[in-house]
Protein chains: 2
Amino acid sequence: MQHTIKISLSTAITFCFLASSTDVDAQRIQPVRFSEVNITDQFWKPKQEKVATATLNACIVQTEEKSGRIRNFEKVARKQGEKHEGIYYDDSDVYKAIEAMAYSLKNRPDAALEAKADEWIAKIAAAQLPDGYLNTYYTLTGLDQRWTDMEKHEDYCAGHLMEAAVAYFNTTGKRVLLDVAIRFADHIDSTFRVANRPWVSGHQEIELALMKLYHLTNQERYLKLADWFLQQRGHGYGKGKIWDEWKDPKYCQDDVPVKQQKEITGHAVRAMYQYTGAADVASVTQDPGYLNAMTTVWEDVVFRNMYLTGGIGSSGNNEGFTEDYDLPNGSAYSETCASVGMVFWNQRMNSLTGDAKYIDVLERSLYNGALDGLSLSGDRFFYGNPLSSIGNNARNEWFGTACCPSNIARLVASVGDYIYGKTDNKIWVNLFVASNTTFQMGKTSVPLRTETDYPWNGNVRIKVSPGQKVKYALHVRIPGWAGNTPVPGALYTFTEAGNTKAEILLNGKPAEYLVEKGYAVIDRTWQKDDEVEIRLPMEIRQVKARKEVKANEDRIAIQRGPIVYCIEGADNAGEVWDLLVPENPVFKTQKSQVLNESIVAVQANLLAVKPAPDGLNVRTEPKLVTAIPYYTWANRGKSPMQVWLPSKMKHIRIAE
Amino acid sequence: MQHTIKISLSTAITFCFLASSTDVDAQRIQPVRFSEVNITDQFWKPKQEKVATATLNACIVQTEEKSGRIRNFEKVARKQGEKHEGIYYDDSDVYKAIEAMAYSLKNRPDAALEAKADEWIAKIAAAQLPDGYLNTYYTLTGLDQRWTDMEKHEDYCAGHLMEAAVAYFNTTGKRVLLDVAIRFADHIDSTFRVANRPWVSGHQEIELALMKLYHLTNQERYLKLADWFLQQRGHGYGKGKIWDEWKDPKYCQDDVPVKQQKEITGHAVRAMYQYTGAADVASVTQDPGYLNAMTTVWEDVVFRNMYLTGGIGSSGNNEGFTEDYDLPNGSAYSETCASVGMVFWNQRMNSLTGDAKYIDVLERSLYNGALDGLSLSGDRFFYGNPLSSIGNNARNEWFGTACCPSNIARLVASVGDYIYGKTDNKIWVNLFVASNTTFQMGKTSVPLRTETDYPWNGNVRIKVSPGQKVKYALHVRIPGWAGNTPVPGALYTFTEAGNTKAEILLNGKPAEYLVEKGYAVIDRTWQKDDEVEIRLPMEIRQVKARKEVKANEDRIAIQRGPIVYCIEGADNAGEVWDLLVPENPVFKTQKSQVLNESIVAVQANLLAVKPAPDGLNVRTEPKLVTAIPYYTWANRGKSPMQVWLPSKMKHIRIAE
């Protein structure tokens with residue numbers, strides 16, 4: 001059963017503003033929610049199972065025992081002057097775990113898991129103050145200090161509370177957490193927006209969360225508050241550590257008002273959450289300012305500052321962006337949460353514009369940079385996701401700052417959100433995931449089923465069976481990588497054109513279609529058992545980076561379909577740093593496994609550089625190497641790894 | 001004022017047993033305690049200042065706030081059913097911090113620091129149960145489980161409590177913590193030894209601690225209990241995680257009775273603490289069994305399993321020993337605590353045998369492997385101390401398992417313990433540290449002053465000024481490295497003999513002396529203002545490892561005096577992994593600084609291997625590099641580092 005509150009009229013308003021500089025689709029695409037999509041996919045379904053069991057279990061063990069985030073809530077409720085433990089933003093981890101539990105419970109009901117969530121929710125509710133404030137750090141360390149340091153994540157934690165509350169209500173219909181979130185949202189609204197008291201969020205997140213609360217409750221004050229938070233930025237209102245100690249408003253994108261931002265700066269996750277929230281606001285208010293700004297910022301990210309894996313943020317120092325084209329591999333930060341944020345933001349950008357390039361980026365981040373954050377076992381995590389390793393990287397059980405585990409958990413559990421979209425007379429197929437759902441086209445119900453072994457196989461069958469004939473346009477995304485453009489903006493290109501192109505068949509015959517913004521549009525009258533087949537070219541491709549990316553000079557990477565490959569020591573006698581790519585390397589696919597994960601591996605004839613017998617010179621010898629999907633590395637112990645393979649030596653290291 | 005309890009007669013008994021296989025000195029050397037030594041040294045005194053301020057402050061901030069170890073004691077006292085936080089051995093960190101505070105307070109009184117220690121001690125005392133038991137983990141998680149898993153560090157924590165109690169009593173004369181420790185020791189004695197209930201300590205430490213309690217209180221039951229703990233091992237009594245889950249009694253040296261042990265195995269710190277305790281027992285009981293066993297085990301450590309830095313334990317998997325000669329550099333564990341343990345144990349071995357080779361090893365571990373654990377700033381720490389780094393190592397503020405920070409703090413604060421020793425008619429000078437102390441030779445008081453800039457300068461002046469003429473033998477250690485034997489057992493050797501030898505002068509003229517077990521013995525009648533000058537040869541020496549050490553094949557290291565050098569990127573344009581040592585490298589010294597630390601650096605003419613312009617071959621070019629003392633690396637940000645420099649290429653890495 002799907003629980004809903006009366007849906008706001010405003011969300012149904014046709015989205016059509018007259019943007020001057022931005023090409024805006026006539027209709028905002030409404031993503032089909034994961035709760036309406038039944039995933040049958042061999043790639044994603046087992047991962048959702050892992051999240052439902054191993055990942056959520058890790059979250060529970062950590063929340064209750066090892067790092068004990070829940071204890072702060074208990075301490076607040078006991079009112080015995082006990083000390084706060086952990087870091088001031090730890091409340092958010094509990095909320096995000098509940099959000100992930102909510103999504104998972106929707107996919108896979110589990111009474112014990114729901115009971116656990118209810119238990120936590122009771123503790124959270126008991127820790128809320130009568131005025132609606134809820135933050136264990138300030139409540140335990142001194143309430144007189146609350147709302148004084150804008151960096152201290154009070155609103156960030158509030159945002160994650162709201163996201164969890166909306167998710168848990170949507171799954172269970174239970175209002176306890178939702179009422180807590182509403183009271184806190186109202187407390188914040190009256191304390192700041194209504195009181196006209198400036199507040200710059202030091203870690204954006206509440207904006208997108210308020211938009212979820214707005215869409216669920218139809219209370220306009222949450223929309224206004226979300227917009228208010230965005231509009232606070234860039235005016236010098238900041239107070240607290242970021243501004244007074246670090247003197248670095250750019251770190252949280254507060255140097256320039258959001259609508260005037262042109263470059264990506266600072267902390268990557270903060271940026272992604274901000275723009276996601278801005279897109280959510282813009283989709284309702286029809287304010288072109290956010291979209292204009294974001295179009296330029298997005299190009300700055302994707303054209304100059306994104307890893308091949310869709311990860312962003314090249315430095316651990318600021319967990320964020322540095323200079324254009326500064327994309328080191330070994331020290332890549334590429335935080336799991338930032339890739340999750342890329343999925344959020346790019347979905348919104350697609351939704352606002354109807355342009356498939358955003359899904360190209362979303363898919364890249366999802367299948368590579370984000371998914372790499374989760375071990376195949378489901379209970380180990382990467383915080384950063386480097387593109388090379390000398391063999392010292394291992395996934396962790398948990399982190400002091402534990403944003404990533406629950407973030408990747410909630411993303412995988414709700415991956416159904418990113419597959420399909422709908423506008424009045426259009427169906428949008430964005431990702432290729434075996435699944436079924438039903439669209440309502442006017443009065444006609446249109447069951448739709450996708451069958452595919454994507455990402456390993458490029459054949460995708462989409463079967464539609466409307467109860468009666470119905471006219472609509474089916475928009476099927478043709479991935480950029482299928483058309484020799486792995487990412488927009490030519491930051492990465494394939495070294496040669498593919499031999500084959502995407503083919504689209506309708507009921508077994510070449511389909512007639514137009515291409516609009518990266519989608520194949522088949523606009524016709526559909527009837528029962530119609531089937532569209534997409535055949536995507538799955539050649540193994542060599543990727544090169546723009547020459548401005550110094551780290552990848554004279555290097556190539558391997559990609560097949562949406563999957564970026566890496567070469568790991570575990571498959572290659574322990575060594576991957578002595579490899580050189582010859583002039584015409586030969587690649588072939590090989591069905592294989594990494595632990596229990598079925599994959600398509602790539603075998604390549606490369607060269608290995610070895611010392612000559614005198615120990616002072618070198619010689620090269622042929623070496624047959626195996627490449628595996630990037631997201632599967634570091635699951636078999638510590639092992640060296642490279643995504644970008646050199647064709648020339650630039651620096652030599654004489655190893656032990 | 002030195003506070004003492006009546007000293008046990010047994011400690012004054014002349015130590016003289018008839019060991020068959022072991023060459024035992026006729027008298028046990030009594031180390032002069034640090035409290036009797038006034039350190040004026042330019043090397044050590046600033047480090048003790050750093051410990052007294054920065055290091056202890058870090059311990060306090062961690063104990064009270066960040067990792068909050070003290071909170072568990074508060075929770076026990078409150079009796080409100082609160083949850084234990086952290087790990088089950090965390091109590092020990094509080095005790096070790098108090099021990100370090102006690103030593104530092106002796107060196108440098110500080111009312112605020114003493115008040116802080118008293119505050120903690122009151123909390124600790126309040127957490128002791130009426131029956132004497134004191135362990136916050138079991139008291140908070142379920143007392144019914146206490147003393148069930150021998151791995152759970154209950155006796156280890158008790159041992160650190162005793163050490164802290166003895167240290168704090170010795171400095172302050174305050175008995176509160178001592179009485180707590182005595183009650184707990186008595187509880188353990190009655191629960192186990194008296195009740196004849198088997199118990200194998202899963203982490204040895206209590207044995208040496210009980211010996212400290214024994215020497216302070218003169219209560220023979222503590223001696224008996226220490227010996228009892230040792231004798232429990234090797235009979236299959238073990239119960240708990242190590243035995244039942246891991247099935248690995250060797251991990252804690254419980255596979256063979258202590259007196260039958262012949263090889264070093266398992267966890268390095270456990271081993272060091274065990275043998276230290278065994279030596280302490282043997283020095284009183286005159287039981288030759290421990291010393292016989294330890295003589296063989298020590299050779300196994302020093303001849304086959306010790307890093308050039310004096311560090312031990314080559315694997316992080318067991319935090320300990322692997323195969324003989326398995327001494328990898330980059331993945332060296334070489335835990336700071338294990339080097340601290342090497343200092344403890346080697347002092348006891350020297351004390352039992354009068355052999356300077358143990359001080360050779362002690363000095364090596366102290367100035368290199370142990371000291372590397374502490375940043376120059378005093379508030380950052382290494383847990384492991386690798387001998388090479390690709391630039392990813394950084395000292396940490398603290399650790400989840402935080403044994404190392406307080407361990408290095410207590411060692412540096414009490415380094416005065418290792419300088420001088422005494423037997424009835426002998427004065428022993430073991431380390432060369434500018435300092436003064438007073439010996440009582442019979443009825444004559446003999447003030448002694450050492451002046452030196454060691455370890456940077458090899459000239460050491462020892463001035464003695466007895467009030468009246470007095471005959472005794474001055475034993476001055478001639479370091480092994482000064483005689484072309486950097487360590488006993490030839491695990492490491494210098495590539496060529498030094499050009500000069502140690503010279504010893506008496507009042508300006510060559511002294512007459514015999515060499516006994518590594519000491520220059522000047523046996524004469526001394527009078528006021530006599531001065532012995534030792535001139536140690538301070539050439540820069542190349543070290544090579546036995547060929548069995550595969551990791552160092554075709555490699556050399558640099559040593560000068562007791563100091564092992566390394567080459568760090570910070571001094572060498574960021575790169576140290578492209579270096580090759582030519583056939584006849586030229587080295588010279590250079591006075592320098594690493595941050596504020598004055599050092600003698602070494603400059604060397606080496607080769608750098610660079611790719612040829614074609615990117616497929618290599619060429620070598622001369623490179624003048626700077627080497628710094630190993631203990632000073634990793635103080636200027638992350639940077640690559642190597643101790644062992646290759647003269648041939650064995651493996652090539654093509655770096656980014």
# chains A, B, ... in the order shown; residues from 1 in each chain; ligands from 1
call {"tool": "residues_around", "arguments": {"residues": "Arg348 in chain B", "least_positions_apart": "5", "cutoff": "10 Å", "atoms": "only C-alpha atoms", "output": "list in words"}}
result
Arg28, Ile29, Gln30, Pro31, Tyr275, Thr276, Gly277, Ala278, Ala279, Asp280, Ala282, Ser283, Met342, Val343, Thr353, Gly354, Tyr358 and Ile359 of chain B
call {"tool": "write_last_selection", "arguments": {"atoms": "all heavy atoms", "output": "short mmCIF file (atom, residue, chain, number, x, y, z; two decimals), in the first residue's frame"}}
result
data_model
loop_
_atom_site.label_atom_id
_atom_site.label_comp_id
_atom_site.auth_asym_id
_atom_site.auth_seq_id
_atom_site.Cartn_x
_atom_site.Cartn_y
_atom_site.Cartn_z
N ARG B 28 73.71 -8.11 39.66
CA ARG B 28 72.65 -7.49 38.89
C ARG B 28 72.88 -5.98 38.92
O ARG B 28 73.07 -5.37 39.97
CB ARG B 28 71.30 -7.82 39.53
CG ARG B 28 70.15 -7.17 38.82
CD ARG B 28 68.82 -7.56 39.44
NE ARG B 28 67.73 -6.94 38.72
CZ ARG B 28 67.29 -5.70 38.97
NH1 ARG B 28 67.82 -4.99 39.93
NH2 ARG B 28 66.32 -5.19 38.25
N ILE B 29 72.87 -5.37 37.74
CA ILE B 29 73.05 -3.91 37.68
C ILE B 29 71.75 -3.24 38.10
O ILE B 29 70.68 -3.57 37.60
CB ILE B 29 73.42 -3.47 36.25
CG1 ILE B 29 74.69 -4.18 35.79
CG2 ILE B 29 73.58 -1.95 36.19
CD1 ILE B 29 75.01 -3.95 34.32
N GLN B 30 71.85 -2.35 39.05
CA GLN B 30 70.69 -1.56 39.46
C GLN B 30 70.66 -0.29 38.63
O GLN B 30 71.53 0.56 38.78
CB GLN B 30 70.80 -1.17 40.94
CG GLN B 30 70.78 -2.32 41.92
CD GLN B 30 69.36 -2.83 42.17
OE1 GLN B 30 68.39 -2.25 41.65
NE2 GLN B 30 69.26 -3.89 42.93
N PRO B 31 69.68 -0.15 37.77
CA PRO B 31 69.61 1.12 37.03
C PRO B 31 69.42 2.29 38.00
O PRO B 31 68.71 2.15 39.00
CB PRO B 31 68.36 0.95 36.16
CG PRO B 31 68.09 -0.52 36.11
CD PRO B 31 68.58 -1.06 37.41
N TYR B 275 58.63 -10.92 28.55
CA TYR B 275 60.04 -11.17 28.86
C TYR B 275 60.57 -10.13 29.85
O TYR B 275 61.43 -10.43 30.67
CB TYR B 275 60.87 -11.23 27.58
CG TYR B 275 60.48 -12.42 26.71
CD1 TYR B 275 60.09 -12.26 25.39
CD2 TYR B 275 60.47 -13.72 27.25
CE1 TYR B 275 59.71 -13.36 24.62
CE2 TYR B 275 60.08 -14.81 26.47
CZ TYR B 275 59.71 -14.62 25.16
OH TYR B 275 59.32 -15.70 24.40
N THR B 276 60.04 -8.92 29.76
CA THR B 276 60.42 -7.92 30.76
C THR B 276 60.01 -8.40 32.16
O THR B 276 60.80 -8.37 33.11
CB THR B 276 59.76 -6.56 30.43
OG1 THR B 276 60.19 -6.14 29.14
CG2 THR B 276 60.13 -5.51 31.47
N GLY B 277 58.79 -8.87 32.26
CA GLY B 277 58.32 -9.39 33.55
C GLY B 277 59.13 -10.59 34.01
O GLY B 277 59.47 -10.72 35.20
N ALA B 278 59.43 -11.47 33.06
CA ALA B 278 60.20 -12.66 33.42
C ALA B 278 61.59 -12.28 33.93
O ALA B 278 62.11 -12.85 34.89
CB ALA B 278 60.32 -13.59 32.20
N ALA B 279 62.19 -11.28 33.28
CA ALA B 279 63.51 -10.83 33.73
C ALA B 279 63.41 -10.21 35.12
O ALA B 279 64.28 -10.42 35.97
CB ALA B 279 64.08 -9.82 32.73
N ASP B 280 62.35 -9.47 35.35
CA ASP B 280 62.17 -8.87 36.68
C ASP B 280 62.02 -9.93 37.76
O ASP B 280 62.56 -9.80 38.85
CB ASP B 280 60.93 -7.96 36.67
CG ASP B 280 61.17 -6.66 35.93
OD1 ASP B 280 62.35 -6.28 35.75
OD2 ASP B 280 60.18 -6.02 35.53
N ALA B 282 63.14 -13.08 37.50
CA ALA B 282 64.40 -13.81 37.58
C ALA B 282 65.44 -13.04 38.39
O ALA B 282 66.26 -13.63 39.10
CB ALA B 282 64.94 -14.10 36.18
N SER B 283 65.40 -11.74 38.31
CA SER B 283 66.43 -10.95 39.01
C SER B 283 66.25 -11.07 40.52
O SER B 283 67.19 -10.83 41.26
CB SER B 283 66.38 -9.50 38.57
OG SER B 283 65.37 -8.79 39.25
N MET B 342 61.00 -3.15 23.66
CA MET B 342 62.40 -3.53 23.44
C MET B 342 63.31 -2.77 24.42
O MET B 342 64.31 -3.31 24.92
CB MET B 342 62.82 -3.23 22.00
CG MET B 342 62.34 -4.23 20.98
SD MET B 342 63.28 -5.79 21.03
CE MET B 342 64.64 -5.37 19.93
N VAL B 343 63.00 -1.52 24.66
CA VAL B 343 63.78 -0.74 25.63
C VAL B 343 63.65 -1.38 27.02
O VAL B 343 64.65 -1.60 27.72
CB VAL B 343 63.33 0.74 25.62
CG1 VAL B 343 63.99 1.51 26.77
CG2 VAL B 343 63.66 1.39 24.27
N THR B 353 72.86 -9.46 33.04
CA THR B 353 74.08 -10.05 32.48
C THR B 353 75.28 -9.12 32.46
O THR B 353 76.39 -9.57 32.27
CB THR B 353 73.83 -10.47 31.01
OG1 THR B 353 73.55 -9.27 30.26
CG2 THR B 353 72.66 -11.42 30.89
N GLY B 354 75.05 -7.84 32.58
CA GLY B 354 76.16 -6.89 32.46
C GLY B 354 76.73 -6.81 31.06
O GLY B 354 77.86 -6.37 30.87
N TYR B 358 73.03 -5.62 24.96
CA TYR B 358 71.62 -5.33 25.16
C TYR B 358 71.35 -3.82 25.10
O TYR B 358 70.30 -3.38 24.64
CB TYR B 358 71.15 -5.91 26.50
CG TYR B 358 71.26 -7.42 26.54
CD1 TYR B 358 72.23 -8.04 27.32
CD2 TYR B 358 70.43 -8.21 25.77
CE1 TYR B 358 72.35 -9.42 27.36
CE2 TYR B 358 70.55 -9.60 25.78
CZ TYR B 358 71.51 -10.20 26.57
OH TYR B 358 71.62 -11.57 26.59
N ILE B 359 72.32 -3.06 25.57
CA ILE B 359 72.15 -1.60 25.48
C ILE B 359 72.33 -1.14 24.03
O ILE B 359 71.70 -0.18 23.59
CB ILE B 359 73.12 -0.86 26.42
CG1 ILE B 359 72.95 -1.38 27.85
CG2 ILE B 359 72.87 0.65 26.37
CD1 ILE B 359 71.61 -1.12 28.48
#
call {"tool": "residues_around", "arguments": {"residues": "range 588-604 of chain B", "least_positions_apart": "6", "cutoff": "10 Å", "atoms": "only C-alpha atoms", "output": "tab-separated table (two decimals) with N, CA, C and O atoms, in the first residue's frame"}}
result
chain	number	residue	atom	x	y	z
B	42	GLN	N	70.64	18.48	25.37
B	42	GLN	CA	70.00	19.27	24.31
B	42	GLN	C	69.12	18.41	23.42
B	42	GLN	O	68.27	18.93	22.69
B	43	PHE	N	69.35	17.10	23.45
B	43	PHE	CA	68.51	16.21	22.64
B	43	PHE	C	67.25	15.82	23.42
B	43	PHE	O	66.14	15.94	22.93
B	46	PRO	N	64.50	18.92	25.61
B	46	PRO	CA	63.36	19.53	24.89
B	46	PRO	C	62.25	18.51	24.60
B	46	PRO	O	61.07	18.87	24.58
B	47	LYS	N	62.64	17.26	24.40
B	47	LYS	CA	61.61	16.25	24.15
B	47	LYS	C	60.79	16.00	25.41
B	47	LYS	O	59.58	15.78	25.36
B	376	LEU	N	57.61	15.63	16.18
B	376	LEU	CA	58.44	16.68	16.76
B	376	LEU	C	57.59	17.68	17.54
B	376	LEU	O	58.05	18.28	18.50
B	377	SER	N	56.35	17.82	17.14
B	377	SER	CA	55.45	18.73	17.86
B	377	SER	C	54.95	18.11	19.16
B	377	SER	O	54.41	18.81	20.01
B	455	PRO	N	73.29	12.62	20.21
B	455	PRO	CA	73.91	11.70	19.26
B	455	PRO	C	74.54	12.39	18.05
B	455	PRO	O	74.98	11.70	17.13
B	456	TRP	N	74.59	13.74	18.06
B	456	TRP	CA	75.12	14.43	16.86
B	456	TRP	C	76.65	14.47	16.88
B	456	TRP	O	77.29	14.49	15.85
B	457	ASN	N	77.19	14.49	18.09
B	457	ASN	CA	78.64	14.58	18.26
B	457	ASN	C	79.07	13.40	19.13
B	457	ASN	O	78.39	13.07	20.11
B	538	MET	N	82.37	9.03	14.45
B	538	MET	CA	81.06	9.41	13.92
B	538	MET	C	81.04	9.46	12.40
B	538	MET	O	80.31	10.26	11.79
B	539	GLU	N	81.80	8.59	11.76
B	539	GLU	CA	81.69	8.52	10.31
B	539	GLU	C	80.27	8.15	9.91
B	539	GLU	O	79.57	7.44	10.62
B	540	ILE	N	79.93	8.60	8.72
B	540	ILE	CA	78.69	8.13	8.11
B	540	ILE	C	78.96	6.73	7.58
B	540	ILE	O	79.95	6.51	6.89
B	558	ILE	N	71.80	4.12	5.72
B	558	ILE	CA	72.79	5.06	6.24
B	558	ILE	C	72.63	5.14	7.75
B	558	ILE	O	71.52	5.28	8.27
B	559	GLN	N	73.75	5.05	8.45
B	559	GLN	CA	73.73	5.21	9.90
B	559	GLN	C	74.90	6.09	10.30
B	559	GLN	O	76.00	6.03	9.72
B	560	ARG	N	74.69	6.91	11.29
B	560	ARG	CA	75.78	7.71	11.86
B	560	ARG	C	75.55	7.72	13.37
B	560	ARG	O	74.49	8.13	13.84
B	563	ILE	N	72.13	6.80	15.11
B	563	ILE	CA	71.00	7.32	14.34
B	563	ILE	C	70.93	6.66	12.97
B	563	ILE	O	71.88	6.71	12.19
B	565	TYR	N	69.29	6.80	9.31
B	565	TYR	CA	68.81	7.87	8.45
B	565	TYR	C	67.78	7.38	7.44
B	565	TYR	O	67.68	6.17	7.17
B	566	CYS	N	67.05	8.32	6.93
B	566	CYS	CA	66.13	8.01	5.83
B	566	CYS	C	66.18	9.16	4.85
B	566	CYS	O	66.66	10.26	5.17
B	567	ILE	N	65.67	8.93	3.67
B	567	ILE	CA	65.58	9.98	2.66
B	567	ILE	C	64.11	10.27	2.45
B	567	ILE	O	63.32	9.36	2.15
B	570	ALA	N	60.37	15.45	1.34
B	570	ALA	CA	60.35	16.86	1.77
B	570	ALA	C	61.70	17.56	1.53
B	570	ALA	O	61.74	18.77	1.32
B	571	ASP	N	62.79	16.81	1.59
B	571	ASP	CA	64.11	17.41	1.36
B	571	ASP	C	64.60	17.19	-0.07
B	571	ASP	O	65.70	17.65	-0.40
B	581	VAL	N	71.74	3.79	-5.73
B	581	VAL	CA	73.02	4.09	-5.10
B	581	VAL	C	74.13	3.68	-6.06
B	581	VAL	O	74.17	2.52	-6.50
B	623	LYS	N	72.15	12.77	-8.67
B	623	LYS	CA	71.25	13.57	-7.84
B	623	LYS	C	71.85	13.69	-6.44
B	623	LYS	O	72.18	12.67	-5.82
B	624	LEU	N	71.99	14.91	-5.99
B	624	LEU	CA	72.48	15.15	-4.63
B	624	LEU	C	71.27	15.09	-3.70
B	624	LEU	O	70.33	15.89	-3.85
B	625	VAL	N	71.27	14.14	-2.80
B	625	VAL	CA	70.10	13.99	-1.94
B	625	VAL	C	70.48	14.27	-0.48
B	625	VAL	O	71.64	14.19	-0.10
B	626	THR	N	69.46	14.58	0.30
B	626	THR	CA	69.63	14.85	1.73
B	626	THR	C	68.93	13.77	2.53
B	626	THR	O	67.76	13.48	2.28
B	627	ALA	N	69.67	13.18	3.44
B	627	ALA	CA	69.08	12.19	4.35
B	627	ALA	C	68.92	12.83	5.73
B	627	ALA	O	69.76	13.63	6.16
B	628	ILE	N	67.84	12.47	6.40
B	628	ILE	CA	67.58	13.00	7.75
B	628	ILE	C	67.42	11.84	8.72
B	628	ILE	O	67.16	10.70	8.31
B	629	PRO	N	67.57	12.10	10.01
B	629	PRO	CA	67.34	11.03	10.98
B	629	PRO	C	65.94	10.45	10.81
B	629	PRO	O	64.96	11.19	10.65
B	632	THR	N	62.81	11.75	12.53
B	632	THR	CA	62.27	13.08	12.22
B	632	THR	C	61.38	13.11	10.98
B	632	THR	O	60.86	14.16	10.62
B	633	TRP	N	61.20	11.97	10.33
B	633	TRP	CA	60.42	12.02	9.09
B	633	TRP	C	58.93	12.19	9.40
B	633	TRP	O	58.51	12.08	10.54
B	635	ASN	N	57.12	14.75	9.54
B	635	ASN	CA	56.76	15.91	10.35
B	635	ASN	C	56.43	17.13	9.48
B	635	ASN	O	56.10	18.18	10.00
B	636	ARG	N	56.54	16.98	8.18
B	636	ARG	CA	56.30	18.11	7.28
B	636	ARG	C	55.27	17.71	6.23
B	636	ARG	O	55.44	17.99	5.04
call {"tool": "closest_residue", "arguments": {"among": "A:Ile188, A:Ile70, A:Leu431, A:Met101", "to": "chain B", "atoms": "only C-alpha atoms"}}
result
A:Ile70
call {"tool": "interface_residues", "arguments": {"of": "chain B", "to": "chain A", "cutoff": "7 Å", "atoms": "only C-alpha atoms", "output": "list of chain:residue names"}}
result
B:Ala551, B:Trp577, B:Asp578, B:Val609, B:Lys610, B:Pro611, B:Gly615, B:Leu616, B:Asn617, B:Val618, B:Lys648, B:Met649, B:Lys650, B:His651, B:Ile652, B:Arg653, B:Ile654, B:Ala655, B:Glu656
call {"tool": "select_by_dssp", "arguments": {"residues": "range 142-313 of chain A", "states": "helix (DSSP H, G or I)", "output": "number ranges by chain"}}
result
A: 143-145, 154-172, 176-194, 206-217, 220-231, 241-245, 249-252, 258-260, 268-285, 288-304
call {"tool": "decode", "arguments": {"residues": "range 310-331 of chain A", "atoms": "C-alpha atoms", "output": "mmCIF file, in the first residue's frame"}}
result
data_model
loop_
_atom_site.group_PDB
_atom_site.id
_atom_site.type_symbol
_atom_site.label_atom_id
_atom_site.label_comp_id
_atom_site.auth_asym_id
_atom_site.auth_seq_id
_atom_site.Cartn_x
_atom_site.Cartn_y
_atom_site.Cartn_z
ATOM 1 C CA GLY A 310 31.684 10.110 -12.287
ATOM 2 C CA GLY A 311 33.340 10.875 -8.975
ATOM 3 C CA ILE A 312 34.094 14.458 -8.016
ATOM 4 C CA GLY A 313 36.323 16.231 -5.528
ATOM 5 C CA SER A 314 39.995 15.651 -6.182
ATOM 6 C CA SER A 315 41.354 16.698 -2.802
ATOM 7 C CA GLY A 316 40.902 15.302 0.670
ATOM 8 C CA ASN A 317 41.999 18.622 2.171
ATOM 9 C CA ASN A 318 38.685 20.302 1.470
ATOM 10 C CA GLU A 319 36.868 17.121 0.489
ATOM 11 C CA GLY A 320 36.247 18.939 -2.701
ATOM 12 C CA PHE A 321 37.306 20.789 -5.773
ATOM 13 C CA THR A 322 40.679 22.301 -6.550
ATOM 14 C CA GLU A 323 41.821 23.645 -9.911
ATOM 15 C CA ASP A 324 40.242 22.798 -13.238
ATOM 16 C CA TYR A 325 41.626 19.555 -14.663
ATOM 17 C CA ASP A 326 43.389 18.711 -11.391
ATOM 18 C CA LEU A 327 42.290 15.077 -11.302
ATOM 19 C CA PRO A 328 45.010 13.005 -9.641
ATOM 20 C CA ASN A 329 44.287 9.297 -9.565
ATOM 21 C CA GLY A 330 45.951 7.908 -6.455
ATOM 22 C CA SER A 331 44.979 10.793 -4.215
#
